[in-house]
Amino acid sequence: MAKLIDGKAVSAKVKAEVRAEADALKEKGIEIGLAVVIVGNNQASRVYVNNKKKACEEVGFTSFEYALPEETTEEELVDLVKKLNADDKVNGILVQLPLPKQINETAVINTIVPEKDVDAFHPENVGHIMIGDYSFLPCTPAGVMELIADTGIDPAGKNCVVIGRSNIVGKPMAMLLLHKNGTVTICHSKTADLKKKCAEADILVAAVGKAGFVTADMVKEGAVVIDVGMNRNAEGKLCGDVAFDECAEKAGFITPVPGGVGPMTIAMLMKNTLTAAKLANGIEV
Ligand code: GUN
């Protein structure tokens, strides 16, 4: 039976470290601010944004919320981002995705100055991640790396399989595992023998967006199984991409949903915002 990886506990540790540094900066007169922008009425986005604001309170940051209506134009959102770029009280800018269909997400992300891009979505920051020389870690993959570290298992030389190739999770996840010397395979909807490839993974990261996608036959005995999925099942209950009960029988370590990767994403966002504030004040990171 797998050991549970406790995302709540690991995220609490990360947030406590951020809080201690934020308190020390406050003593020097440095206040840290995160602008959180939400457009429209996406219910899941509203929950995420509320959690991000709550985390700001926990670590002693000021959050500035901008809730814009569904019919907001791309120009209006770009104008807001430009205003936040120029605002010294704002160290980090987070535009919650997805955006309504009339707005080009890439155009908005590209408007955020890289120094305030605490999601690490801007092409300049993505490039830094690719090279392995970065200040901002992409929040979800960085959170996953913390959870893997918590198991005590070193990815070096291990078979690491990432299911999903999104810009937010799959691609940067593969890169972070590679930086730790994992042998990385990215699987996706066109992958041949996907089940077999997953079953060879020592570390399996599922970021598919389909409830119960990973079944026990895809899990190697003793593997580390990380579930990035956030889905609702037929009863409306939150569940991941991994069929938890059957996979927990075979895995060595497994994350629950909720209480696994979710809290880590937010903790790493706080860490990035702290980094942005330090860089803005000429403090080494
Ligand atoms: N939507 C889903 N995940 C994320 C995230 O990590 N950042 C932002 N900005 N939007 C998201």
# chains A, B, ... in the order shown; residues from 1 in each chain; ligands from 1
>>> residues_near_ligand(ligand="ligand 1", cutoff="7 Å", atoms="only C-alpha atoms and all ligand atoms", output="list in words")
Ser45, Leu94, Val95, Gln96, Leu97, Pro98, Asp119, Cys139, Thr140, Ile168 and Thr265 of chain A
>>> write_last_selection(atoms="C-alpha atoms", output="PDB file, in the first residue's frame")
ATOM      1  CA  SER A  45     -11.252  30.145 -11.455  1.00  0.00           C
ATOM      2  CA  LEU A  94      -1.305  36.744 -11.953  1.00  0.00           C
ATOM      3  CA  VAL A  95      -3.957  36.632 -14.685  1.00  0.00           C
ATOM      4  CA  GLN A  96      -6.101  33.598 -13.960  1.00  0.00           C
ATOM      5  CA  LEU A  97      -6.612  31.360 -16.988  1.00  0.00           C
ATOM      6  CA  PRO A  98      -8.696  30.452 -18.929  1.00  0.00           C
ATOM      7  CA  ASP A 119       3.307  32.164 -13.169  1.00  0.00           C
ATOM      8  CA  CYS A 139       4.190  26.891 -10.049  1.00  0.00           C
ATOM      9  CA  THR A 140       2.573  23.488 -10.558  1.00  0.00           C
ATOM     10  CA  ILE A 168       1.408  25.183 -18.018  1.00  0.00           C
ATOM     11  CA  THR A 265       0.824  25.270  -6.773  1.00  0.00           C
TER      12      THR A 265
END
>>> residues_around(residues="Val285 in chain A", least_positions_apart="5", cutoff="8 Å", atoms="only C-alpha atoms", output="PyMOL selection string")
chain A and resi 135+275+278-279
>>> atom_distance(atom1="CA of Ala277 in chain A", atom2="CA of Thr106 in chain A")
24.4 Å
>>> residues_around(residues="range 77-89 of chain A", least_positions_apart="4", cutoff="8 Å", atoms="only C-alpha atoms", output="ChimeraX atom specification")
/A:31-33,35,72-73,93,107-108,111-113,116
>>> closest_residue(among="A:Met270, A:Leu99, A:Leu194, A:Val228", to="Glu70 in chain A", atoms="only C-alpha atoms")
A:Leu99
>>> atom_distance(atom1="CA of Asn91 in chain A", atom2="CA of Ser63 in chain A")
10.2 Å
>>> select_by_dssp(residues="range 68-259 of chain A", states="helix (DSSP H, G or I)", output="PDB file with C-alpha atoms, in the first residue's frame")
ATOM      1  CA  GLU A  74      -8.473  42.215 -24.867  1.00  0.00           C
ATOM      2  CA  GLU A  75      -7.500  45.902 -25.058  1.00  0.00           C
ATOM      3  CA  GLU A  76      -9.027  46.622 -21.648  1.00  0.00           C
ATOM      4  CA  LEU A  77      -7.205  43.689 -20.052  1.00  0.00           C
ATOM      5  CA  VAL A  78      -3.908  44.585 -21.743  1.00  0.00           C
ATOM      6  CA  ASP A  79      -4.323  48.163 -20.470  1.00  0.00           C
ATOM      7  CA  LEU A  80      -4.826  46.886 -16.910  1.00  0.00           C
ATOM      8  CA  VAL A  81      -1.735  44.670 -17.157  1.00  0.00           C
ATOM      9  CA  LYS A  82       0.307  47.653 -18.379  1.00  0.00           C
ATOM     10  CA  LYS A  83      -0.916  49.679 -15.392  1.00  0.00           C
ATOM     11  CA  LEU A  84       0.095  46.857 -13.018  1.00  0.00           C
ATOM     12  CA  ASN A  85       3.485  46.570 -14.760  1.00  0.00           C
ATOM     13  CA  GLU A 105      -4.288  34.636 -23.775  1.00  0.00           C
ATOM     14  CA  THR A 106      -0.872  34.805 -25.407  1.00  0.00           C
ATOM     15  CA  ALA A 107      -1.225  38.531 -26.066  1.00  0.00           C
ATOM     16  CA  VAL A 108      -2.082  39.122 -22.410  1.00  0.00           C
ATOM     17  CA  ILE A 109       0.699  36.903 -21.024  1.00  0.00           C
ATOM     18  CA  ASN A 110       3.232  38.557 -23.334  1.00  0.00           C
ATOM     19  CA  THR A 111       2.243  41.972 -21.946  1.00  0.00           C
ATOM     20  CA  PRO A 114       8.900  39.074 -17.139  1.00  0.00           C
ATOM     21  CA  GLU A 115      10.048  40.387 -13.717  1.00  0.00           C
ATOM     22  CA  LYS A 116       6.440  40.286 -12.453  1.00  0.00           C
ATOM     23  CA  PRO A 123       8.184  33.307 -23.291  1.00  0.00           C
ATOM     24  CA  GLU A 124      11.254  34.921 -21.732  1.00  0.00           C
ATOM     25  CA  ASN A 125      10.745  32.988 -18.494  1.00  0.00           C
ATOM     26  CA  VAL A 126       9.857  29.817 -20.415  1.00  0.00           C
ATOM     27  CA  GLY A 127      13.178  30.203 -22.217  1.00  0.00           C
ATOM     28  CA  HIS A 128      15.003  30.521 -18.891  1.00  0.00           C
ATOM     29  CA  ILE A 129      13.340  27.316 -17.682  1.00  0.00           C
ATOM     30  CA  MET A 130      14.420  25.518 -20.857  1.00  0.00           C
ATOM     31  CA  ILE A 131      18.024  26.570 -20.287  1.00  0.00           C
ATOM     32  CA  CYS A 139       4.190  26.891 -10.049  1.00  0.00           C
ATOM     33  CA  THR A 140       2.573  23.488 -10.558  1.00  0.00           C
ATOM     34  CA  PRO A 141       5.669  21.634 -11.845  1.00  0.00           C
ATOM     35  CA  ALA A 142       7.798  23.246  -9.126  1.00  0.00           C
ATOM     36  CA  GLY A 143       5.265  22.111  -6.544  1.00  0.00           C
ATOM     37  CA  VAL A 144       5.427  18.582  -7.945  1.00  0.00           C
ATOM     38  CA  MET A 145       9.231  18.621  -7.629  1.00  0.00           C
ATOM     39  CA  GLU A 146       8.865  19.557  -3.940  1.00  0.00           C
ATOM     40  CA  LEU A 147       6.485  16.644  -3.432  1.00  0.00           C
ATOM     41  CA  ILE A 148       8.884  14.234  -5.149  1.00  0.00           C
ATOM     42  CA  ALA A 149      11.721  15.573  -2.965  1.00  0.00           C
ATOM     43  CA  ASP A 150       9.535  14.905   0.082  1.00  0.00           C
ATOM     44  CA  THR A 151       9.441  11.188  -0.775  1.00  0.00           C
ATOM     45  CA  GLY A 170       3.418  18.933 -19.019  1.00  0.00           C
ATOM     46  CA  LYS A 171       6.245  20.670 -20.892  1.00  0.00           C
ATOM     47  CA  PRO A 172       7.832  22.539 -17.931  1.00  0.00           C
ATOM     48  CA  MET A 173       7.318  19.436 -15.742  1.00  0.00           C
ATOM     49  CA  ALA A 174       9.394  17.369 -18.152  1.00  0.00           C
ATOM     50  CA  MET A 175      12.085  20.045 -18.146  1.00  0.00           C
ATOM     51  CA  LEU A 176      12.349  20.195 -14.331  1.00  0.00           C
ATOM     52  CA  LEU A 177      12.630  16.402 -14.130  1.00  0.00           C
ATOM     53  CA  LEU A 178      15.297  16.517 -16.838  1.00  0.00           C
ATOM     54  CA  HIS A 179      17.218  19.173 -14.873  1.00  0.00           C
ATOM     55  CA  LEU A 194       0.769   4.676 -23.562  1.00  0.00           C
ATOM     56  CA  LYS A 195      -0.191   2.165 -20.874  1.00  0.00           C
ATOM     57  CA  LYS A 196       3.035   0.218 -21.345  1.00  0.00           C
ATOM     58  CA  LYS A 197       5.174   3.374 -21.202  1.00  0.00           C
ATOM     59  CA  CYS A 198       3.474   4.485 -17.993  1.00  0.00           C
ATOM     60  CA  ALA A 199       3.919   1.026 -16.452  1.00  0.00           C
ATOM     61  CA  ALA A 216      -3.485   0.199 -11.763  1.00  0.00           C
ATOM     62  CA  ASP A 217      -2.197  -1.606 -14.882  1.00  0.00           C
ATOM     63  CA  MET A 218      -0.325   1.614 -15.779  1.00  0.00           C
ATOM     64  CA  PHE A 244      -6.706   6.457  -6.553  1.00  0.00           C
ATOM     65  CA  ASP A 245      -7.797   3.316  -4.696  1.00  0.00           C
ATOM     66  CA  GLU A 246      -6.508   0.762  -7.190  1.00  0.00           C
ATOM     67  CA  CYS A 247      -3.272   2.675  -7.944  1.00  0.00           C
ATOM     68  CA  ALA A 248      -2.522   3.166  -4.232  1.00  0.00           C
ATOM     69  CA  GLU A 249      -2.402  -0.651  -3.952  1.00  0.00           C
ATOM     70  CA  LYS A 250       0.608  -0.733  -6.282  1.00  0.00           C
TER      71      LYS A 250
END
>>> atom_distance(atom1="CA of Ala120 in chain A", atom2="CA of Thr62 in chain A")
20.1 Å
>>> residues_around(residues="Thr185 in chain A", least_positions_apart="4", cutoff="8 Å", atoms="only C-alpha atoms", output="JSON, numbers by chain")
{"A": [159, 160, 161, 162, 174]}
>>> residues_around(residues="Ala12 in chain A", least_positions_apart="5", cutoff="9 Å", atoms="only C-alpha atoms", output="VMD selection string")
chain A and resid 7 17 263 to 264 267
>>> write_last_selection(atoms="all heavy atoms", output="PDB file, in the first residue's frame")
ATOM      1  N   GLY A   7       0.439  16.957   0.508  1.00  0.00           N
ATOM      2  CA  GLY A   7       0.638  18.274  -0.107  1.00  0.00           C
ATOM      3  C   GLY A   7       0.309  19.413   0.841  1.00  0.00           C
ATOM      4  O   GLY A   7       0.913  20.489   0.761  1.00  0.00           O
ATOM      5  N   GLU A  17       8.175  29.234   5.344  1.00  0.00           N
ATOM      6  CA  GLU A  17       9.482  29.791   4.950  1.00  0.00           C
ATOM      7  C   GLU A  17       9.299  31.142   4.250  1.00  0.00           C
ATOM      8  O   GLU A  17      10.042  32.092   4.516  1.00  0.00           O
ATOM      9  CB  GLU A  17      10.214  28.814   4.003  1.00  0.00           C
ATOM     10  CG  GLU A  17      10.757  27.580   4.719  1.00  0.00           C
ATOM     11  CD  GLU A  17      11.114  26.429   3.764  1.00  0.00           C
ATOM     12  OE1 GLU A  17      11.071  26.605   2.530  1.00  0.00           O
ATOM     13  OE2 GLU A  17      11.407  25.335   4.279  1.00  0.00           O
ATOM     14  N   PRO A 263      -2.490  22.421  -3.274  1.00  0.00           N
ATOM     15  CA  PRO A 263      -1.925  23.385  -2.315  1.00  0.00           C
ATOM     16  C   PRO A 263      -0.485  23.783  -2.647  1.00  0.00           C
ATOM     17  O   PRO A 263      -0.059  24.890  -2.325  1.00  0.00           O
ATOM     18  CB  PRO A 263      -1.955  22.635  -0.978  1.00  0.00           C
ATOM     19  CG  PRO A 263      -2.793  21.432  -1.185  1.00  0.00           C
ATOM     20  CD  PRO A 263      -2.884  21.163  -2.638  1.00  0.00           C
ATOM     21  N   MET A 264       0.239  22.890  -3.328  1.00  0.00           N
ATOM     22  CA  MET A 264       1.637  23.186  -3.676  1.00  0.00           C
ATOM     23  C   MET A 264       1.730  24.286  -4.738  1.00  0.00           C
ATOM     24  O   MET A 264       2.617  25.129  -4.692  1.00  0.00           O
ATOM     25  CB  MET A 264       2.334  21.934  -4.215  1.00  0.00           C
ATOM     26  CG  MET A 264       2.638  20.895  -3.196  1.00  0.00           C
ATOM     27  SD  MET A 264       3.502  21.523  -1.758  1.00  0.00           S
ATOM     28  CE  MET A 264       5.018  22.132  -2.451  1.00  0.00           C
ATOM     29  N   ALA A 267       1.451  27.512  -2.986  1.00  0.00           N
ATOM     30  CA  ALA A 267       2.639  27.794  -2.168  1.00  0.00           C
ATOM     31  C   ALA A 267       3.790  28.271  -3.054  1.00  0.00           C
ATOM     32  O   ALA A 267       4.515  29.214  -2.701  1.00  0.00           O
ATOM     33  CB  ALA A 267       3.040  26.550  -1.386  1.00  0.00           C
TER      34      ALA A 267
END
>>> closest_residue(among="A:Val118, A:Leu4, A:Ala223, A:Ala67", to="Pro258 in chain A", atoms="only C-alpha atoms")
A:Leu4
>>> residues_around(residues="Glu71 in chain A", least_positions_apart="5", cutoff="12 Å", atoms="only C-alpha atoms", output="ChimeraX atom specification")
/A:39-41,76-77,99-103
>>> closest_residue(among="A:Asp117, A:Val14, A:Tyr48, A:Val36", to="Met230 in chain A", atoms="only C-alpha atoms")
A:Tyr48
>>> residues_around(residues="Leu238 in chain A", least_positions_apart="2", cutoff="10 Å", atoms="only C-alpha atoms", output="MDAnalysis selection string")
chainID A and resid 211 229:236 240 257:258
>>> write_last_selection(atoms="N, CA, C and O atoms", output="PDB file, in the first residue's frame")
ATOM      1  N   ALA A 211     -10.788  12.284 -15.425  1.00  0.00           N
ATOM      2  CA  ALA A 211     -10.949  11.545 -14.164  1.00  0.00           C
ATOM      3  C   ALA A 211     -10.660  10.064 -14.375  1.00  0.00           C
ATOM      4  O   ALA A 211     -11.142   9.468 -15.351  1.00  0.00           O
ATOM      5  N   GLY A 229      -4.294  16.203 -11.801  1.00  0.00           N
ATOM      6  CA  GLY A 229      -5.676  16.395 -12.274  1.00  0.00           C
ATOM      7  C   GLY A 229      -6.580  17.043 -11.246  1.00  0.00           C
ATOM      8  O   GLY A 229      -6.421  16.865 -10.039  1.00  0.00           O
ATOM      9  N   MET A 230      -7.503  17.829 -11.750  1.00  0.00           N
ATOM     10  CA  MET A 230      -8.558  18.465 -10.920  1.00  0.00           C
ATOM     11  C   MET A 230      -9.851  18.328 -11.705  1.00  0.00           C
ATOM     12  O   MET A 230     -10.181  19.191 -12.510  1.00  0.00           O
ATOM     13  N   ASN A 231     -10.531  17.232 -11.510  1.00  0.00           N
ATOM     14  CA  ASN A 231     -11.742  16.980 -12.290  1.00  0.00           C
ATOM     15  C   ASN A 231     -12.929  16.835 -11.342  1.00  0.00           C
ATOM     16  O   ASN A 231     -12.756  16.619 -10.152  1.00  0.00           O
ATOM     17  N   ARG A 232     -14.104  16.929 -11.907  1.00  0.00           N
ATOM     18  CA  ARG A 232     -15.326  16.633 -11.134  1.00  0.00           C
ATOM     19  C   ARG A 232     -15.893  15.339 -11.693  1.00  0.00           C
ATOM     20  O   ARG A 232     -16.040  15.202 -12.917  1.00  0.00           O
ATOM     21  N   ASN A 233     -16.217  14.406 -10.825  1.00  0.00           N
ATOM     22  CA  ASN A 233     -16.835  13.171 -11.320  1.00  0.00           C
ATOM     23  C   ASN A 233     -18.350  13.378 -11.485  1.00  0.00           C
ATOM     24  O   ASN A 233     -18.854  14.499 -11.278  1.00  0.00           O
ATOM     25  N   ALA A 234     -19.048  12.305 -11.855  1.00  0.00           N
ATOM     26  CA  ALA A 234     -20.488  12.412 -12.156  1.00  0.00           C
ATOM     27  C   ALA A 234     -21.275  12.969 -10.966  1.00  0.00           C
ATOM     28  O   ALA A 234     -22.278  13.673 -11.140  1.00  0.00           O
ATOM     29  N   GLU A 235     -20.790  12.712  -9.748  1.00  0.00           N
ATOM     30  CA  GLU A 235     -21.492  13.224  -8.549  1.00  0.00           C
ATOM     31  C   GLU A 235     -21.024  14.633  -8.170  1.00  0.00           C
ATOM     32  O   GLU A 235     -21.420  15.155  -7.126  1.00  0.00           O
ATOM     33  N   GLY A 236     -20.142  15.215  -8.984  1.00  0.00           N
ATOM     34  CA  GLY A 236     -19.655  16.571  -8.711  1.00  0.00           C
ATOM     35  C   GLY A 236     -18.524  16.611  -7.698  1.00  0.00           C
ATOM     36  O   GLY A 236     -18.102  17.670  -7.246  1.00  0.00           O
ATOM     37  N   GLY A 240      -8.950  13.405  -9.162  1.00  0.00           N
ATOM     38  CA  GLY A 240      -7.785  13.612 -10.014  1.00  0.00           C
ATOM     39  C   GLY A 240      -7.849  12.797 -11.293  1.00  0.00           C
ATOM     40  O   GLY A 240      -8.914  12.315 -11.697  1.00  0.00           O
ATOM     41  N   VAL A 257      -6.108  13.682  -4.141  1.00  0.00           N
ATOM     42  CA  VAL A 257      -6.805  14.847  -4.695  1.00  0.00           C
ATOM     43  C   VAL A 257      -8.151  14.925  -3.978  1.00  0.00           C
ATOM     44  O   VAL A 257      -8.918  13.969  -4.053  1.00  0.00           O
ATOM     45  N   PRO A 258      -8.438  16.001  -3.269  1.00  0.00           N
ATOM     46  CA  PRO A 258      -7.598  17.176  -3.020  1.00  0.00           C
ATOM     47  C   PRO A 258      -6.504  16.893  -1.973  1.00  0.00           C
ATOM     48  O   PRO A 258      -6.464  15.802  -1.404  1.00  0.00           O
TER      49      PRO A 258
END
>>> closest_residue(among="A:Ile266, A:Ala276, A:Val208, A:Ile153", to="Lys54 in chain A", atoms="only C-alpha atoms")
A:Ile266
>>> select_by_dssp(residues="range 9-200 of chain A", states="strand (DSSP E or B)", output="list in words")
Gly33, Leu34, Ala35, Val36, Val37, Ile38, Val39, Thr62, Ser63, Phe64, Glu65, Tyr66, Ala67, Leu68, Gly92, Ile93, Leu94, Val95, Asn159, Cys160, Val161, Val162, Ile163, Thr183, Val184, Thr185, Ile186 and Cys187 of chain A
